[in-house]
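Here is the structure we will look at.
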Amino acid sequence: MGVGMKITLVTVGKVKERYFTEAAAEYIKRISRYAKVELLEVADEKTPDQAAEGEKKRILEKEGERILSRIPPGAFVVALAIEGKMPDSEELAKQMEKWNVGGISHVVFVIGGSLGLSGKVMKRADYALSFSRMTFPHQLMRVILLEQLYRSFTIRNHTPYHK
């Protein structure tokens, strides 16, 4: 996996907590030794506490349109979804290597908002990835994903993991 691979994270919502933004920035810096990496944030919709199903669907669709507008044609899309495949770190590294060797040069990872991802986004996804059956806040999920991507590159490149 040379620096030829490009990784984009498309995430719903802004991260306001400095400790999350600093952690994400640190992993982006580490990953940049192995790949070009960018982080794109799309606006989230305010979700009322007692939102009806129709309202939730409308919110998901609106966020979904924003996500899809940021995905370039031809990119390989990995959606983070609870129902996705749950590889361990070694398997994720192997999977990424397979994509790279298979000619995939741009991988877009998508992290949804509090309601998840719309059906349209899931349809556009080439791969669904899950880190756990548990639900995590998207701010933390961003850091977990970046950490695992960094770990994948160190595994593939046989470089020591910088703790």
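If you're wondering about the labels, chains in the structure tokens are A, B, ... by order shown, residues count from 1 in each chain, ligands from 1 in order shown.
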I'd like the contact shell of stretch 72-87 of chain A - 7 Å cut-off, only C-alpha atoms, skipping same-chain residues fewer than 6 positions apart - returned as a JSON list (two decimals) with C-alpha atoms, in the first residue's frame.
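The resulting file, around20.json, is reproduced below:
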[["chain", "number", "residue", "atom", "x", "y", "z"],
["A", 104, "ILE", "CA", -8.74, 0.61, -6.10],
["A", 106, "HIS", "CA", -9.57, 5.89, -3.72],
["A", 107, "VAL", "CA", -11.48, 4.52, -0.72],
["A", 108, "VAL", "CA", -14.22, 6.64, 0.84],
["A", 109, "PHE", "CA", -15.28, 5.70, 4.37],
["A", 110, "VAL", "CA", -18.70, 7.01, 5.37],
["A", 111, "ILE", "CA", -19.79, 7.65, 8.97],
["A", 122, "MET", "CA", -26.04, 1.86, 1.76],
["A", 125, "ALA", "CA", -21.59, 1.34, -0.60],
["A", 126, "ASP", "CA", -19.30, -1.35, -1.97],
["A", 127, "TYR", "CA", -18.54, -2.73, 1.49],
["A", 128, "ALA", "CA", -20.22, -2.40, 4.90],
["A", 129, "LEU", "CA", -17.83, -2.32, 7.85],
["A", 130, "SER", "CA", -18.72, -2.70, 11.51],
["A", 131, "PHE", "CA", -16.44, -2.19, 14.49],
["A", 132, "SER", "CA", -18.95, -3.50, 16.99],
["A", 133, "ARG", "CA", -22.61, -4.27, 17.50]]
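Non-sequential neighbours of A:Val121 (distance at most 8 Å, separation of 5 or more positions within a chain, only C-alpha atoms) are Gly64, Ile67, Leu68 and Ala79 of chain A.
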Export of the given selection (N, CA and C atoms) as a PDB file, in the first residue's frame:
ATOM      1  N   GLY A  64     -28.186  11.829   3.729  1.00  0.00           N
ATOM      2  CA  GLY A  64     -27.712  10.916   2.688  1.00  0.00           C
ATOM      3  C   GLY A  64     -27.374  11.632   1.399  1.00  0.00           C
ATOM      4  N   ILE A  67     -24.097  13.358   1.834  1.00  0.00           N
ATOM      5  CA  ILE A  67     -22.997  12.387   1.785  1.00  0.00           C
ATOM      6  C   ILE A  67     -22.698  12.023   0.338  1.00  0.00           C
ATOM      7  N   LEU A  68     -23.751  11.647  -0.398  1.00  0.00           N
ATOM      8  CA  LEU A  68     -23.569  11.195  -1.782  1.00  0.00           C
ATOM      9  C   LEU A  68     -22.957  12.282  -2.661  1.00  0.00           C
ATOM     10  N   ALA A  79     -19.125   1.832   3.931  1.00  0.00           N
ATOM     11  CA  ALA A  79     -20.068   2.428   4.877  1.00  0.00           C
ATOM     12  C   ALA A  79     -19.874   1.798   6.248  1.00  0.00           C
TER      13      ALA A  79
END
Neighbouring residues of A:Ala51 were defined as those with any atom within 12 Å, considering only C-alpha atoms; residues of the same chain fewer than 6 positions away were excluded. Please report them as a PDB file with C-alpha atoms, in the first residue's frame.
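File selection-v5.pdb, as written:
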ATOM      1  CA  GLU A  45     -29.951  17.691  10.635  1.00  0.00           C
ATOM      2  CA  LYS A  57     -36.640   9.041   7.219  1.00  0.00           C
ATOM      3  CA  ARG A  58     -36.608  12.650   5.946  1.00  0.00           C
ATOM      4  CA  ILE A  59     -33.534  13.445   8.084  1.00  0.00           C
ATOM      5  CA  LEU A  60     -31.683  10.326   6.888  1.00  0.00           C
ATOM      6  CA  LEU A 115     -29.716   7.971  12.944  1.00  0.00           C
TER       7      LEU A 115
END
I'd like the neighbourhood of A:Ser105 as a PyMOL selection string, where a residue qualifies if any of its atoms comes within 12 Å (using only C-alpha atoms), though same-chain residues fewer than 5 positions away should be ignored. chain A and resi 1-8+35-37+74-77+96-100
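Using only C-alpha atoms, the shortest contact distance between A:Arg156 and any of A:Val12, A:Ala25, A:Leu92, A:Ala43 is found at A:Leu92.
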Of the candidates A:Ala52, A:Leu117, A:Leu145, A:Met134, which shows the shortest atom-to-atom distance to A:Leu9, using only C-alpha atoms? A:Leu145
Picked from stretch 12-156 of chain A by DSSP as strand (DSSP E), as a list of chain:residue names: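 Here are the strand (DSSP E) residues of stretch 12-156 of chain A: A:Val12, A:Lys36, A:Val37, A:Glu38, A:Leu39, A:Leu40, A:Glu41, A:Val42, A:Phe76, A:Val77, A:Val78, A:Ala79, A:Leu80, A:Ala81, A:Ile82, A:Glu83, A:Gly84, A:Lys85, A:His106, A:Val107, A:Val108, A:Phe109, A:Val110, A:Ile111, A:Tyr127, A:Ala128, A:Leu129.
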Restricted to C-alpha atoms, what would the selected residues look like written as a PDB file, in the first residue's frame?
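Result saved to out_30.pdb:
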ATOM      1  CA  VAL A  12     -22.053  13.702   9.197  1.00  0.00           C
ATOM      2  CA  LYS A  36      -3.236  10.729   1.068  1.00  0.00           C
ATOM      3  CA  VAL A  37      -6.039  11.259   3.575  1.00  0.00           C
ATOM      4  CA  GLU A  38      -8.795  13.862   3.782  1.00  0.00           C
ATOM      5  CA  LEU A  39     -11.715  14.466   6.104  1.00  0.00           C
ATOM      6  CA  LEU A  40     -14.974  15.900   4.740  1.00  0.00           C
ATOM      7  CA  GLU A  41     -17.779  16.907   7.089  1.00  0.00           C
ATOM      8  CA  VAL A  42     -21.353  17.342   5.913  1.00  0.00           C
ATOM      9  CA  PHE A  76     -14.810   2.590  -3.597  1.00  0.00           C
ATOM     10  CA  VAL A  77     -17.247   3.268  -0.752  1.00  0.00           C
ATOM     11  CA  VAL A  78     -17.042   1.678   2.692  1.00  0.00           C
ATOM     12  CA  ALA A  79     -20.068   2.428   4.877  1.00  0.00           C
ATOM     13  CA  LEU A  80     -19.725   2.091   8.638  1.00  0.00           C
ATOM     14  CA  ALA A  81     -22.820   0.183   9.653  1.00  0.00           C
ATOM     15  CA  ILE A  82     -23.687  -1.987  12.651  1.00  0.00           C
ATOM     16  CA  GLU A  83     -24.800  -4.794  10.312  1.00  0.00           C
ATOM     17  CA  GLY A  84     -21.537  -4.733   8.329  1.00  0.00           C
ATOM     18  CA  LYS A  85     -18.654  -7.223   8.341  1.00  0.00           C
ATOM     19  CA  HIS A 106      -9.571   5.889  -3.721  1.00  0.00           C
ATOM     20  CA  VAL A 107     -11.482   4.515  -0.723  1.00  0.00           C
ATOM     21  CA  VAL A 108     -14.220   6.641   0.842  1.00  0.00           C
ATOM     22  CA  PHE A 109     -15.275   5.703   4.374  1.00  0.00           C
ATOM     23  CA  VAL A 110     -18.703   7.012   5.370  1.00  0.00           C
ATOM     24  CA  ILE A 111     -19.790   7.653   8.970  1.00  0.00           C
ATOM     25  CA  TYR A 127     -18.542  -2.728   1.494  1.00  0.00           C
ATOM     26  CA  ALA A 128     -20.215  -2.398   4.899  1.00  0.00           C
ATOM     27  CA  LEU A 129     -17.829  -2.317   7.853  1.00  0.00           C
TER      28      LEU A 129
END
DSSP says helix (DSSP H, G or I) for which residues of stretch 1-148 of chain A? Put them as a ChimeraX atom specification? /A:18-31,53-69,89-101,119-124,138-148
Write out as a short mmCIF file (atom, residue, chain, number, x, y, z; two decimals) with N, CA and C atoms, in the first residue's frame each polymer residue whose atoms come within 7 Å of A:Tyr27, counting only C-alpha atoms; drop sequence neighbours fewer than 2 positions from it.
data_model
loop_
_atom_site.label_atom_id
_atom_site.label_comp_id
_atom_site.auth_asym_id
_atom_site.auth_seq_id
_atom_site.Cartn_x
_atom_site.Cartn_y
_atom_site.Cartn_z
N ALA A 23 -7.14 14.14 18.46
CA ALA A 23 -6.85 12.72 18.24
C ALA A 23 -6.97 12.38 16.75
N ALA A 24 -8.03 12.88 16.11
CA ALA A 24 -8.23 12.63 14.68
C ALA A 24 -7.07 13.21 13.87
N ALA A 25 -6.67 14.44 14.20
CA ALA A 25 -5.57 15.10 13.49
C ALA A 25 -4.27 14.31 13.63
N LYS A 29 -2.22 12.61 10.52
CA LYS A 29 -0.79 12.89 10.31
C LYS A 29 -0.01 11.58 10.15
N ARG A 30 -0.30 10.61 11.00
CA ARG A 30 0.40 9.32 10.93
C ARG A 30 0.08 8.57 9.64
N ILE A 31 -1.19 8.58 9.25
CA ILE A 31 -1.61 7.88 8.03
C ILE A 31 -0.99 8.51 6.80
N LEU A 146 -9.95 6.09 12.20
CA LEU A 146 -8.62 6.58 11.83
C LEU A 146 -7.51 5.76 12.50
N GLU A 147 -7.73 5.41 13.77
CA GLU A 147 -6.73 4.60 14.47
C GLU A 147 -6.57 3.25 13.78
N TYR A 150 -4.70 3.59 10.49
CA TYR A 150 -3.26 3.72 10.77
C TYR A 150 -2.66 2.36 11.12
#
Point-to-point distance in Å for atom CA of A:Ile71 and atom CA of A:Gly113: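 Separation of atom CA of A:Gly113 and atom CA of A:Ile71: 16.4 Å.
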Quick one: pull the distance between atom CA of A:Glu53 and atom CA of A:Lys120, Å, one decimal. 17.0 Å
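Straight-line separation from atom CA of A:Gly112 to atom CA of A:Glu90: 24.7 Å.
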Kindly indicate which residue among A:Ser32, A:Gln50, A:Ser89, A:Thr135 lies nearest to A:Ile155, using only C-alpha atoms for the distances.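 The shortest atom-to-atom distance to A:Ile155 comes from A:Ser89.
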